[in-house]
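Visitor: This is target.pdb (PDB, C-alpha atoms).
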```
ATOM      1  CA  MET A   1    -143.255  -6.400 124.343
ATOM      2  CA  ILE A   2    -141.223  -6.115 121.122
ATOM      3  CA  GLY A   3    -142.589  -3.459 118.766
ATOM      4  CA  HIS A   4    -143.289  -4.180 115.117
ATOM      5  CA  VAL A   5    -143.703  -1.759 112.239
ATOM      6  CA  LEU A   6    -145.852  -2.036 109.128
ATOM      7  CA  GLU A   7    -144.857   0.345 106.347
ATOM      8  CA  VAL A   8    -146.694   0.862 103.080
ATOM      9  CA  ASP A   9    -145.440   3.199 100.382
ATOM     10  CA  GLY A  10    -144.711   3.508  96.677
ATOM     11  CA  LEU A  11    -148.205   2.262  96.044
ATOM     12  CA  GLN A  12    -149.953   2.896  92.768
ATOM     13  CA  LYS A  13    -153.217   1.484  91.455
ATOM     14  CA  ARG A  14    -154.932   2.296  88.162
ATOM     15  CA  TYR A  15    -158.379   1.305  86.962
ATOM     16  CA  SER A  16    -158.114   1.524  83.141
ATOM     17  CA  ASP A  17    -156.850   5.097  82.660
ATOM     18  CA  LYS A  18    -157.914   6.432  86.080
ATOM     19  CA  LEU A  19    -155.317   6.641  88.834
ATOM     20  CA  ALA A  20    -157.143   5.258  91.900
ATOM     21  CA  LEU A  21    -154.252   5.321  94.372
ATOM     22  CA  SER A  22    -150.904   7.090  94.388
ATOM     23  CA  ASP A  23    -148.648   8.845  96.896
ATOM     24  CA  VAL A  24    -149.830   6.503  99.614
ATOM     25  CA  CYS A  25    -147.667   6.394 102.673
ATOM     26  CA  ILE A  26    -148.725   4.619 105.867
ATOM     27  CA  LYS A  27    -146.656   3.588 108.832
ATOM     28  CA  CYS A  28    -148.307   1.657 111.645
ATOM     29  CA  GLU A  29    -146.589   0.408 114.771
ATOM     30  CA  THR A  30    -147.867  -2.190 117.210
ATOM     31  CA  GLY A  31    -149.556  -0.342 120.046
ATOM     32  CA  GLU A  32    -151.284   2.213 117.849
ATOM     33  CA  ILE A  33    -154.613   2.594 116.091
ATOM     34  CA  ILE A  34    -154.669   4.473 112.821
ATOM     35  CA  GLY A  35    -158.005   5.875 111.690
ATOM     36  CA  LEU A  36    -158.332   6.009 107.925
ATOM     37  CA  LEU A  37    -161.019   8.440 106.801
ATOM     38  CA  GLY A  38    -162.236   9.472 103.399
ATOM     39  CA  ARG A  39    -165.300   9.926 101.247
ATOM     40  CA  ASN A  40    -166.921   7.118  99.275
ATOM     41  CA  GLY A  41    -164.674   6.069  96.424
ATOM     42  CA  SER A  42    -161.564   7.687  97.877
ATOM     43  CA  GLY A  43    -159.733   4.336  97.832
ATOM     44  CA  LYS A  44    -159.785   3.311 101.507
ATOM     45  CA  SER A  45    -161.072  -0.234 100.976
ATOM     46  CA  THR A  46    -158.897  -0.745  97.910
ATOM     47  CA  LEU A  47    -155.877   0.332  99.942
ATOM     48  CA  LEU A  48    -156.628  -2.199 102.698
ATOM     49  CA  LYS A  49    -157.196  -4.953 100.114
ATOM     50  CA  ILE A  50    -153.883  -4.138  98.455
ATOM     51  CA  ILE A  51    -152.042  -4.214 101.789
ATOM     52  CA  PHE A  52    -153.620  -7.613 102.559
ATOM     53  CA  GLY A  53    -152.676  -8.810  99.070
ATOM     54  CA  ILE A  54    -156.113  -9.686  97.710
ATOM     55  CA  VAL A  55    -156.098  -6.897  95.130
ATOM     56  CA  ASP A  56    -153.109  -6.366  92.882
ATOM     57  CA  ALA A  57    -151.454  -2.970  92.637
ATOM     58  CA  ASP A  58    -149.379  -1.659  89.731
ATOM     59  CA  CYS A  59    -146.607  -1.146  92.232
ATOM     60  CA  LYS A  60    -146.402  -1.333  95.998
ATOM     61  CA  SER A  61    -144.037  -1.818  98.855
ATOM     62  CA  VAL A  62    -145.368  -3.497 102.002
ATOM     63  CA  ARG A  63    -142.758  -4.013 104.691
ATOM     64  CA  ILE A  64    -142.973  -5.427 108.185
ATOM     65  CA  ASN A  65    -139.970  -4.703 110.372
ATOM     66  CA  GLN A  66    -138.200  -3.514 107.190
ATOM     67  CA  GLU A  67    -138.671  -6.883 105.517
ATOM     68  CA  THR A  68    -140.544  -6.698 102.221
ATOM     69  CA  LYS A  69    -143.647  -8.880 102.068
ATOM     70  CA  ASN A  70    -144.103 -10.039  98.483
ATOM     71  CA  THR A  71    -146.145 -13.183  98.886
ATOM     72  CA  ASN A  72    -149.655 -13.718 100.197
ATOM     73  CA  LYS A  73    -148.359 -16.394 102.534
ATOM     74  CA  SER A  74    -145.965 -14.009 104.267
ATOM     75  CA  ILE A  75    -148.692 -11.357 104.549
ATOM     76  CA  PHE A  76    -151.344 -13.735 105.929
ATOM     77  CA  ASN A  77    -148.906 -14.741 108.679
ATOM     78  CA  GLU A  78    -148.584 -11.175 109.937
ATOM     79  CA  ILE A  79    -151.763  -9.328 108.978
ATOM     80  CA  SER A  80    -155.419 -10.169 109.510
ATOM     81  CA  TYR A  81    -158.217  -8.416 107.697
ATOM     82  CA  LEU A  82    -161.863  -7.626 108.336
ATOM     83  CA  HIS A  83    -163.512  -7.498 104.935
ATOM     84  CA  GLN A  84    -166.097  -4.815 104.276
ATOM     85  CA  GLU A  85    -168.615  -7.561 103.498
ATOM     86  CA  ASN A  86    -169.436 -10.669 105.535
ATOM     87  CA  PHE A  87    -166.934 -13.430 104.945
ATOM     88  CA  ILE A  88    -167.647 -16.340 107.295
ATOM     89  CA  PRO A  89    -169.100 -19.251 105.279
ATOM     90  CA  PRO A  90    -172.846 -19.225 106.089
ATOM     91  CA  GLN A  91    -173.101 -23.013 106.359
ATOM     92  CA  PHE A  92    -170.832 -23.011 109.441
ATOM     93  CA  SER A  93    -172.119 -22.878 112.990
ATOM     94  CA  VAL A  94    -170.703 -20.066 115.134
ATOM     95  CA  GLU A  95    -168.842 -22.655 117.195
ATOM     96  CA  LYS A  96    -167.272 -24.225 114.122
ATOM     97  CA  ALA A  97    -166.182 -20.851 112.685
ATOM     98  CA  VAL A  98    -164.565 -20.002 116.016
ATOM     99  CA  ASN A  99    -162.915 -23.429 116.394
ATOM    100  CA  LEU A 100    -161.381 -23.063 112.932
ATOM    101  CA  SER A 101    -160.043 -19.582 113.641
ATOM    102  CA  VAL A 102    -159.158 -19.216 117.303
ATOM    103  CA  GLU A 103    -156.313 -21.041 119.041
ATOM    104  CA  LYS A 104    -157.476 -23.810 121.381
ATOM    105  CA  GLN A 105    -156.077 -22.225 124.541
ATOM    106  CA  MET A 106    -157.990 -18.999 123.807
ATOM    107  CA  LEU A 107    -161.363 -20.648 123.195
ATOM    108  CA  SER A 108    -162.780 -20.461 126.719
ATOM    109  CA  ASP A 109    -161.871 -16.752 126.977
ATOM    110  CA  PHE A 110    -163.371 -16.134 123.569
ATOM    111  CA  PHE A 111    -166.819 -17.292 124.639
ATOM    112  CA  GLU A 112    -166.700 -15.300 127.891
ATOM    113  CA  ASP A 113    -168.931 -12.801 126.186
ATOM    114  CA  ASP A 114    -172.697 -12.243 126.589
ATOM    115  CA  ILE A 115    -173.368 -11.821 122.885
ATOM    116  CA  LEU A 116    -171.311 -14.815 121.765
ATOM    117  CA  ARG A 117    -172.631 -17.109 124.472
ATOM    118  CA  LYS A 118    -176.143 -16.448 123.159
ATOM    119  CA  ILE A 119    -175.277 -17.254 119.536
ATOM    120  CA  LYS A 120    -172.714 -20.043 120.078
ATOM    121  CA  ARG A 121    -174.987 -22.848 118.816
ATOM    122  CA  LYS A 122    -176.540 -20.860 115.967
ATOM    123  CA  LYS A 123    -175.721 -21.225 112.301
ATOM    124  CA  VAL A 124    -173.893 -18.262 110.787
ATOM    125  CA  SER A 125    -176.676 -17.894 108.183
ATOM    126  CA  ASN A 126    -179.192 -17.410 111.019
ATOM    127  CA  LEU A 127    -177.340 -14.549 112.715
ATOM    128  CA  SER A 128    -178.511 -10.954 112.476
ATOM    129  CA  GLY A 129    -176.272  -8.529 110.575
ATOM    130  CA  GLY A 130    -174.989  -7.016 113.825
ATOM    131  CA  GLU A 131    -174.311 -10.362 115.497
ATOM    132  CA  LEU A 132    -172.392 -11.586 112.444
ATOM    133  CA  ARG A 133    -170.332  -8.394 112.229
ATOM    134  CA  TYR A 134    -169.528  -8.619 115.938
ATOM    135  CA  LEU A 135    -168.443 -12.263 115.536
ATOM    136  CA  GLU A 136    -166.235 -11.395 112.556
ATOM    137  CA  ILE A 137    -164.552  -8.522 114.409
ATOM    138  CA  LYS A 138    -163.902 -10.684 117.457
ATOM    139  CA  ILE A 139    -162.467 -13.511 115.311
ATOM    140  CA  VAL A 140    -160.197 -11.136 113.389
ATOM    141  CA  LEU A 141    -158.948  -9.449 116.557
ATOM    142  CA  SER A 142    -158.305 -12.834 118.211
ATOM    143  CA  ASN A 143    -155.936 -13.772 115.418
ATOM    144  CA  THR A 144    -152.288 -13.960 116.503
ATOM    145  CA  SER A 145    -151.216 -11.605 113.688
ATOM    146  CA  LYS A 146    -149.232  -8.466 114.507
ATOM    147  CA  PHE A 147    -151.420  -6.135 112.439
ATOM    148  CA  VAL A 148    -155.155  -5.890 111.838
ATOM    149  CA  LEU A 149    -156.966  -4.077 109.033
ATOM    150  CA  LEU A 150    -160.586  -3.283 109.883
ATOM    151  CA  ASP A 151    -162.757  -2.199 106.966
ATOM    152  CA  GLU A 152    -166.062  -0.703 108.139
ATOM    153  CA  PRO A 153    -166.248  -2.556 111.466
ATOM    154  CA  TYR A 154    -169.199  -0.500 112.751
ATOM    155  CA  ASN A 155    -171.393  -1.450 109.814
ATOM    156  CA  GLY A 156    -174.739  -2.738 111.151
ATOM    157  CA  LEU A 157    -173.750  -2.583 114.824
ATOM    158  CA  SER A 158    -176.039  -1.243 117.540
ATOM    159  CA  PRO A 159    -174.650   1.547 119.800
ATOM    160  CA  LEU A 160    -174.046  -0.976 122.582
ATOM    161  CA  MET A 161    -172.126  -3.267 120.254
ATOM    162  CA  ILE A 162    -170.100  -0.308 118.971
ATOM    163  CA  GLU A 163    -168.993   0.407 122.537
ATOM    164  CA  LYS A 164    -168.026  -3.258 122.980
ATOM    165  CA  VAL A 165    -166.105  -3.242 119.693
ATOM    166  CA  ASN A 166    -164.276  -0.044 120.688
ATOM    167  CA  ALA A 167    -163.294  -1.645 124.001
ATOM    168  CA  MET A 168    -162.100  -4.756 122.155
ATOM    169  CA  VAL A 169    -160.046  -2.721 119.667
ATOM    170  CA  LEU A 170    -158.459  -0.683 122.455
ATOM    171  CA  GLU A 171    -157.650  -3.852 124.403
ATOM    172  CA  ASN A 172    -155.993  -5.401 121.344
ATOM    173  CA  ARG A 173    -153.965  -2.276 120.649
ATOM    174  CA  GLN A 174    -151.557  -3.406 123.367
ATOM    175  CA  GLN A 175    -150.299  -6.280 121.191
ATOM    176  CA  LYS A 176    -151.213  -5.185 117.670
ATOM    177  CA  GLY A 177    -151.084  -2.352 115.198
ATOM    178  CA  ILE A 178    -154.571  -1.573 113.927
ATOM    179  CA  ILE A 179    -155.666   0.310 110.820
ATOM    180  CA  LEU A 180    -159.368   1.089 110.942
ATOM    181  CA  THR A 181    -161.608   2.711 108.371
ATOM    182  CA  ASP A 182    -165.294   3.529 108.693
ATOM    183  CA  HIS A 183    -167.803   6.226 107.778
ATOM    184  CA  ASN A 184    -168.741   6.424 111.458
ATOM    185  CA  TYR A 185    -166.094   9.151 111.799
ATOM    186  CA  SER A 186    -166.916  10.103 115.396
ATOM    187  CA  ASN A 187    -166.009   6.624 116.662
ATOM    188  CA  VAL A 188    -162.937   6.474 114.436
ATOM    189  CA  ILE A 189    -161.738   9.823 115.803
ATOM    190  CA  LYS A 190    -162.565   8.696 119.355
ATOM    191  CA  ILE A 191    -160.375   5.586 119.361
ATOM    192  CA  ALA A 192    -157.656   6.391 116.823
ATOM    193  CA  ASP A 193    -154.218   7.542 117.942
ATOM    194  CA  ARG A 194    -153.543   9.013 114.510
ATOM    195  CA  LEU A 195    -155.759   9.983 111.607
ATOM    196  CA  ILE A 196    -155.095   9.707 107.902
ATOM    197  CA  LEU A 197    -157.410  11.261 105.340
ATOM    198  CA  MET A 198    -157.679   9.810 101.868
ATOM    199  CA  GLN A 199    -158.541  12.222  99.098
ATOM    200  CA  ASN A 200    -158.310  11.466  95.398
ATOM    201  CA  GLY A 201    -156.324   8.331  96.111
ATOM    202  CA  LYS A 202    -153.686  10.107  98.188
ATOM    203  CA  THR A 203    -153.050   9.951 101.926
ATOM    204  CA  HIS A 204    -152.877  13.076 104.092
ATOM    205  CA  GLN A 205    -151.630  12.880 107.664
ATOM    206  CA  ILE A 206    -154.078  14.682 109.968
ATOM    207  CA  LYS A 207    -152.575  16.283 113.062
ATOM    208  CA  ASN A 208    -155.765  17.840 114.387
ATOM    209  CA  PRO A 209    -159.383  16.718 113.725
ATOM    210  CA  ASP A 210    -160.177  20.334 112.694
ATOM    211  CA  GLU A 211    -158.115  19.685 109.567
ATOM    212  CA  LEU A 212    -160.891  17.314 108.467
ATOM    213  CA  ILE A 213    -163.117  20.396 108.088
ATOM    214  CA  GLU A 214    -160.387  22.418 106.386
ATOM    215  CA  LYS A 215    -159.841  19.638 103.878
ATOM    216  CA  GLY A 216    -163.555  19.364 103.156
ATOM    217  CA  TYR A 217    -164.166  15.892 104.603
ATOM    218  CA  LEU A 218    -166.488  17.247 107.309
ATOM    219  CA  LEU A 219    -168.666  20.334 107.483
ATOM    220  CA  ASN A 220    -168.524  22.947 110.232
ATOM    221  CA  GLY A 221    -170.266  21.712 113.365
ATOM    222  CA  MET A 222    -169.841  18.034 112.553
ATOM    223  CA  LEU A 223    -167.041  17.527 115.050
TER     224      LEU A 223
ATOM    225  CA  MET B   1    -151.377 -27.839 112.064
ATOM    226  CA  LEU B   2    -154.617 -29.662 112.990
ATOM    227  CA  GLN B   3    -156.541 -26.412 112.767
ATOM    228  CA  ARG B   4    -155.129 -25.780 109.294
ATOM    229  CA  ALA B   5    -156.133 -29.294 108.176
ATOM    230  CA  ALA B   6    -159.623 -28.729 109.606
ATOM    231  CA  ASN B   7    -159.901 -25.483 107.620
ATOM    232  CA  ILE B   8    -158.854 -27.202 104.409
ATOM    233  CA  PHE B   9    -161.288 -30.047 105.006
ATOM    234  CA  ALA B  10    -164.131 -27.606 105.700
ATOM    235  CA  PHE B  11    -163.370 -25.838 102.434
ATOM    236  CA  TYR B  12    -163.140 -29.155 100.607
ATOM    237  CA  LYS B  13    -166.553 -30.233 101.891
ATOM    238  CA  SER B  14    -168.052 -27.032 100.472
ATOM    239  CA  THR B  15    -166.596 -27.811  97.021
ATOM    240  CA  VAL B  16    -167.173 -31.550  96.777
ATOM    241  CA  VAL B  17    -170.966 -31.220  96.991
ATOM    242  CA  ILE B  18    -171.085 -29.054  93.857
ATOM    243  CA  ASN B  19    -168.513 -31.255  92.100
ATOM    244  CA  LEU B  20    -170.444 -34.435  92.922
ATOM    245  CA  ALA B  21    -173.681 -32.917  91.634
ATOM    246  CA  CYS B  22    -172.022 -32.048  88.292
ATOM    247  CA  SER B  23    -170.254 -35.420  88.028
ATOM    248  CA  THR B  24    -173.405 -37.392  88.864
ATOM    249  CA  ALA B  25    -175.283 -35.553  86.112
ATOM    250  CA  VAL B  26    -172.547 -36.587  83.655
ATOM    251  CA  PHE B  27    -172.615 -40.159  85.040
ATOM    252  CA  LEU B  28    -176.310 -40.428  84.142
ATOM    253  CA  ILE B  29    -175.508 -39.468  80.542
ATOM    254  CA  SER B  30    -172.145 -41.088  79.850
ATOM    255  CA  GLY B  31    -171.452 -43.581  82.649
ATOM    256  CA  LYS B  32    -168.495 -44.270  84.928
ATOM    257  CA  ASP B  33    -165.689 -42.852  82.759
ATOM    258  CA  GLY B  34    -167.584 -39.602  82.312
ATOM    259  CA  PHE B  35    -168.078 -39.386  86.075
ATOM    260  CA  ILE B  36    -164.362 -39.876  86.798
ATOM    261  CA  PHE B  37    -163.265 -37.411  84.117
ATOM    262  CA  THR B  38    -165.750 -34.735  85.238
ATOM    263  CA  PHE B  39    -165.009 -35.232  88.929
ATOM    264  CA  LEU B  40    -161.302 -34.581  88.336
ATOM    265  CA  THR B  41    -161.568 -31.810  85.723
ATOM    266  CA  PHE B  42    -164.732 -29.921  84.724
ATOM    267  CA  GLY B  43    -166.416 -30.502  88.084
ATOM    268  CA  VAL B  44    -163.522 -28.740  89.812
ATOM    269  CA  LEU B  45    -163.549 -25.971  87.221
ATOM    270  CA  ILE B  46    -167.297 -25.381  87.626
ATOM    271  CA  THR B  47    -166.904 -25.369  91.436
ATOM    272  CA  TYR B  48    -164.009 -22.895  91.156
ATOM    273  CA  CYS B  49    -166.104 -20.581  88.953
ATOM    274  CA  TYR B  50    -169.106 -20.870  91.296
ATOM    275  CA  LYS B  51    -166.955 -19.991  94.320
ATOM    276  CA  HIS B  52    -165.236 -17.189  92.457
ATOM    277  CA  ILE B  53    -168.497 -15.593  91.356
ATOM    278  CA  ASN B  54    -170.797 -16.260  94.329
ATOM    279  CA  ARG B  55    -168.644 -16.957  97.385
ATOM    280  CA  LYS B  56    -165.468 -14.938  96.818
ATOM    281  CA  ASN B  57    -165.662 -13.211 100.205
ATOM    282  CA  GLU B  58    -165.398 -16.559 101.979
ATOM    283  CA  TYR B  59    -161.781 -16.863 100.896
ATOM    284  CA  VAL B  60    -160.996 -14.073 103.395
ATOM    285  CA  PHE B  61    -162.033 -16.431 106.200
ATOM    286  CA  TYR B  62    -159.329 -18.888 105.122
ATOM    287  CA  TYR B  63    -156.767 -16.128 104.401
ATOM    288  CA  ASN B  64    -157.208 -14.951 107.984
ATOM    289  CA  ASN B  65    -156.477 -18.530 109.022
ATOM    290  CA  ARG B  66    -153.262 -18.336 106.970
ATOM    291  CA  ILE B  67    -154.317 -20.500 104.065
ATOM    292  CA  SER B  68    -153.762 -19.113 100.586
ATOM    293  CA  LEU B  69    -155.949 -19.599  97.526
ATOM    294  CA  MET B  70    -153.267 -21.806  95.962
ATOM    295  CA  MET B  71    -153.145 -23.990  99.074
ATOM    296  CA  LEU B  72    -156.947 -24.339  99.166
ATOM    297  CA  TRP B  73    -157.311 -25.404  95.538
ATOM    298  CA  SER B  74    -154.247 -27.644  95.409
ATOM    299  CA  SER B  75    -155.676 -29.432  98.477
ATOM    300  CA  VAL B  76    -159.028 -29.796  96.698
ATOM    301  CA  PHE B  77    -157.217 -31.343  93.727
ATOM    302  CA  VAL B  78    -155.387 -33.890  95.910
ATOM    303  CA  LEU B  79    -158.419 -34.684  98.088
ATOM    304  CA  ASN B  80    -160.499 -35.317  94.953
ATOM    305  CA  PHE B  81    -158.220 -38.242  94.065
ATOM    306  CA  ILE B  82    -158.662 -39.678  97.557
ATOM    307  CA  THR B  83    -162.449 -39.219  97.426
ATOM    308  CA  LEU B  84    -162.576 -40.792  93.974
ATOM    309  CA  ALA B  85    -160.544 -43.795  95.164
ATOM    310  CA  PHE B  86    -162.977 -44.130  98.065
ATOM    311  CA  ILE B  87    -166.038 -43.943  95.753
ATOM    312  CA  ILE B  88    -164.571 -46.514  93.315
ATOM    313  CA  GLY B  89    -163.608 -48.780  96.224
ATOM    314  CA  ALA B  90    -167.120 -48.540  97.702
ATOM    315  CA  CYS B  91    -168.719 -49.286  94.319
ATOM    316  CA  ASN B  92    -166.473 -52.338  93.793
ATOM    317  CA  LEU B  93    -167.309 -53.582  97.281
ATOM    318  CA  LEU B  94    -171.029 -53.215  96.592
ATOM    319  CA  LYS B  95    -170.578 -55.138  93.310
ATOM    320  CA  LEU B  96    -168.837 -57.959  95.197
ATOM    321  CA  LEU B  97    -171.523 -58.134  97.839
ATOM    322  CA  PHE B  98    -174.555 -58.042  95.559
TER     323      PHE B  98
END
```
Can you turn what I pasted into structure tokens?

Guide:
Amino acid sequence: MIGHVLEVDGLQKRYSDKLALSDVCIKCETGEIIGLLGRNGSGKSTLLKIIFGIVDADCKSVRINQETKNTNKSIFNEISYLHQENFIPPQFSVEKAVNLSVEKQMLSDFFEDDILRKIKRKKVSNLSGGELRYLEIKIVLSNTSKFVLLDEPYNGLSPLMIEKVNAMVLENRQQKGIILTDHNYSNVIKIADRLILMQNGKTHQIKNPDELIEKGYLLNGML
Amino acid sequence: MLQRAANIFAFYKSTVVINLACSTAVFLISGKDGFIFTFLTFGVLITYCYKHINRKNEYVFYYNNRISLMMLWSSVFVLNFITLAFIIGACNLLKLLF
């Protein structure tokens, strides 16, 4: 498999006079999962939105295989994104949402799943929060993009679903580079190959989970 | 390619309902010309604002399917002309028949 590299740096974002993001540096290769941790308001979601191109930054450099990605079109071809909030149009049926998103040859494999088989004929608006989140994660990971940004994937998922999602993410790591952020830090630490901590809009590379305590993200005994 | 067209059509269907509701309201007040004008201009603008305020997250679904905002709305603009031609054609046919 040919490796691909996503690089983000030189990123700066201001909200009026407050500097929300600066000194951000992220490098993600296919075959690795990066866990992005940080307190509420530290800029994690904004960072993912800026990488995906749905929020403007004052300046940024997003490169894939050293080629700068300036347009939304070029980004959407290479990166898929799980929004923090639900994003599948509620008027769709599950089957329709999947048919519109997943390649035809992958459809039968896609529904080889206990949870999805049960909800296949349901309308998206009738799904529970957990079922909808699970569907969204599976759709995003089934995308043929090289990189995936997952913003709070564990939100609303039962422990059993979390295990399934972790297995799915790990399976997809073989072909994709994945950047994952969530407040469920134990699961992030469990599946991530590398950790990055966001504090005051800056990224800090974490070499050992104990550093999360040193830097004040976690308290003693939380690991 | 077919999947992309299906995505655009699904998005279009979600806009045309709101647009038709606005345009029909104008039709009741000012007739056919008002309907056509609203369907091609203010109806689209109202739909855009509605989507932007209430359904913004849904764009992410289409972005993940590699369709940009510009592509979605330029398709809506073109498809509106086709829908309008269809509506006018159907009305003329009904006039001829009855």

Visitor: Please indicate the distance in Å from atom CA of Arg4 of chain B to atom CA of Val5 of chain A, rounded to one decimal place.

Guide: 26.8 Å

Visitor: Using all atoms listed in the file, what does the table of segment 71-97 of chain A residues within 12 Å of segment 6-16 of chain B look like, with each row giving the shortest atom pair and its distance in Å to one decimal, sorted by chain and ascending number, as CSV?

Guide:
```
residue,atom,partner,partner_atom,distance
A:Ile88,CA,B:Phe11,CA,11.5
A:Pro89,CA,B:Phe11,CA,9.2
A:Pro90,CA,B:Ser14,CA,10.7
A:Gln91,CA,B:Ser14,CA,8.7
A:Phe92,CA,B:Ala10,CA,8.9
A:Ser93,CA,B:Ala10,CA,11.8
A:Lys96,CA,B:Ala10,CA,9.6
A:Ala97,CA,B:Asn7,CA,9.3
```

Visitor: Give me the residues near Leu36 of chain A as a PyMOL selection string, where near means some atom within 7 Å (using only C-alpha atoms) and where sequence neighbours in that chain fewer than 4 positions away do not count.

Guide: chain A and resi 179-181+195-197

Visitor: To test your reading of the syntax: which residues would the ChimeraX specification (/A :<6) & /B return for the file shown? Reply as a list in words.

Guide: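 This file, filtered by the ChimeraX specification (/A :<6) & /B, leaves Gln3, Asn57, Glu58, Phe61, Asn64, Asn65 and Arg66 of chain B.
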
Visitor: Which centre and edge lengths in Å to one decimal define the box along x, y and z that fits every listed atom of segment 198-205 of chain A plus 6 Å per side, as lines of an AutoDock Vina configuration file?

Guide:
```
center_x = -155.1
center_y = 10.7
center_z = 101.5
size_x = 18.9
size_y = 16.7
size_z = 24.3
```

Visitor: Where does the PyMOL selection byres ((chain B and resi 80) around 12) land in this file, that is, which residues does it pick, as a ChimeraX atom specification?

Guide: /B:9,12-13,15-17,19-20,23,36-41,43-44,73-79,81-87

Visitor: Distance atom CA of Pro209 of chain A-atom CA of Gly31 of chain A, one decimal place?

Guide: 20.7 Å

Visitor: Report as a PyMOL selection string the full result of the PyMOL selection byres ((chain A and resi 132) around 10) when it is applied to this structure.

Guide: chain A and resi 86-88+90+94+116+119+124-131+133-138+156-157

Visitor: Atom CA of Val24 of chain A and atom CA of His204 of chain A, how far apart in Å?

Guide: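 Atom-to-atom, atom CA of His204 of chain A and atom CA of Val24 of chain A are spaced 8.5 Å apart.
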
Visitor: Need to verify the contact set: segment 190-192 of chain A, 10 Å, only C-alpha atoms, exclusion of same-chain residues closer than 4 positions in sequence. Can you return it as a VMD selection string?

Guide: chain A and resid 32 to 36 166 to 167 169 to 170 178 to 180 185 to 186 196

Visitor: Given all atoms listed in the file as the basis, pick out the residue of A:Leu218, A:Ile115, A:Leu37, A:Ile50 nearest to Met198 of chain A.

Guide: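 Ranking A:Leu218, A:Ile115, A:Leu37, A:Ile50 by distance to Met198 of chain A, first place goes to A:Leu37.
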
Visitor: Closest to Lys49 of chain A among B:Phe42, B:Ile18, B:His52, B:Tyr63, using all atoms listed in the file?

Guide: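 Smallest separation from Lys49 of chain A among the options: B:Tyr63.
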
Visitor: I want to know what sits within 6 Å of segment 7-16 of chain A, based on all atoms listed in the file, with residues of the same chain fewer than 5 positions away left out; could you give that as a ChimeraX atom specification?

Guide: /A:21-22,24-27,57-63

Visitor: Print the selection's residues with C-alpha atoms to a file, as a PDB file, in the coordinates of the input.

Guide:
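Final output, saved to again-v5.pdb:
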```
ATOM      1  CA  LEU A  21    -154.252   5.321  94.372  1.00  0.00           C
ATOM      2  CA  SER A  22    -150.904   7.090  94.388  1.00  0.00           C
ATOM      3  CA  VAL A  24    -149.830   6.503  99.614  1.00  0.00           C
ATOM      4  CA  CYS A  25    -147.667   6.394 102.673  1.00  0.00           C
ATOM      5  CA  ILE A  26    -148.725   4.619 105.867  1.00  0.00           C
ATOM      6  CA  LYS A  27    -146.656   3.588 108.832  1.00  0.00           C
ATOM      7  CA  ALA A  57    -151.454  -2.970  92.637  1.00  0.00           C
ATOM      8  CA  ASP A  58    -149.379  -1.659  89.731  1.00  0.00           C
ATOM      9  CA  CYS A  59    -146.607  -1.146  92.232  1.00  0.00           C
ATOM     10  CA  LYS A  60    -146.402  -1.333  95.998  1.00  0.00           C
ATOM     11  CA  SER A  61    -144.037  -1.818  98.855  1.00  0.00           C
ATOM     12  CA  VAL A  62    -145.368  -3.497 102.002  1.00  0.00           C
ATOM     13  CA  ARG A  63    -142.758  -4.013 104.691  1.00  0.00           C
TER      14      ARG A  63
END
```

Visitor: So which one's closest to Ile67 of chain B, B:Leu96, B:Val26, B:Ala5, B:Cys49? Using all atoms listed in the file, please.

Guide: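 Nearest candidate to Ile67 of chain B out of B:Leu96, B:Val26, B:Ala5, B:Cys49: B:Ala5.
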
Visitor: Within 10 Å of (-168.7, 5.1, 109.4) (coordinates as in the file), grab all the protein and nucleic acid residues, counting only C-alpha atoms, and write them out as a ChimeraX atom specification.

Guide: /A:37-38,151-155,181-188

Visitor: When you look at Ile64 of chain A with a cut-off of 8 Å (counting only C-alpha atoms), what residues show up, excluding the ones that are within fewer than 3 positions of it in the same chain? I need them as a list in words.

Guide: His4, Val5, Leu6, Glu7, Glu67, Thr68 and Lys69 of chain A

Visitor: Store the residues picked out above, limited to C-alpha atoms, as a PDB file, in the coordinates of the input.

Guide:
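Contents of selection17.pdb, freshly written:
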```
ATOM      1  CA  HIS A   4    -143.289  -4.180 115.117  1.00  0.00           C
ATOM      2  CA  VAL A   5    -143.703  -1.759 112.239  1.00  0.00           C
ATOM      3  CA  LEU A   6    -145.852  -2.036 109.128  1.00  0.00           C
ATOM      4  CA  GLU A   7    -144.857   0.345 106.347  1.00  0.00           C
ATOM      5  CA  GLU A  67    -138.671  -6.883 105.517  1.00  0.00           C
ATOM      6  CA  THR A  68    -140.544  -6.698 102.221  1.00  0.00           C
ATOM      7  CA  LYS A  69    -143.647  -8.880 102.068  1.00  0.00           C
TER       8      LYS A  69
END
```
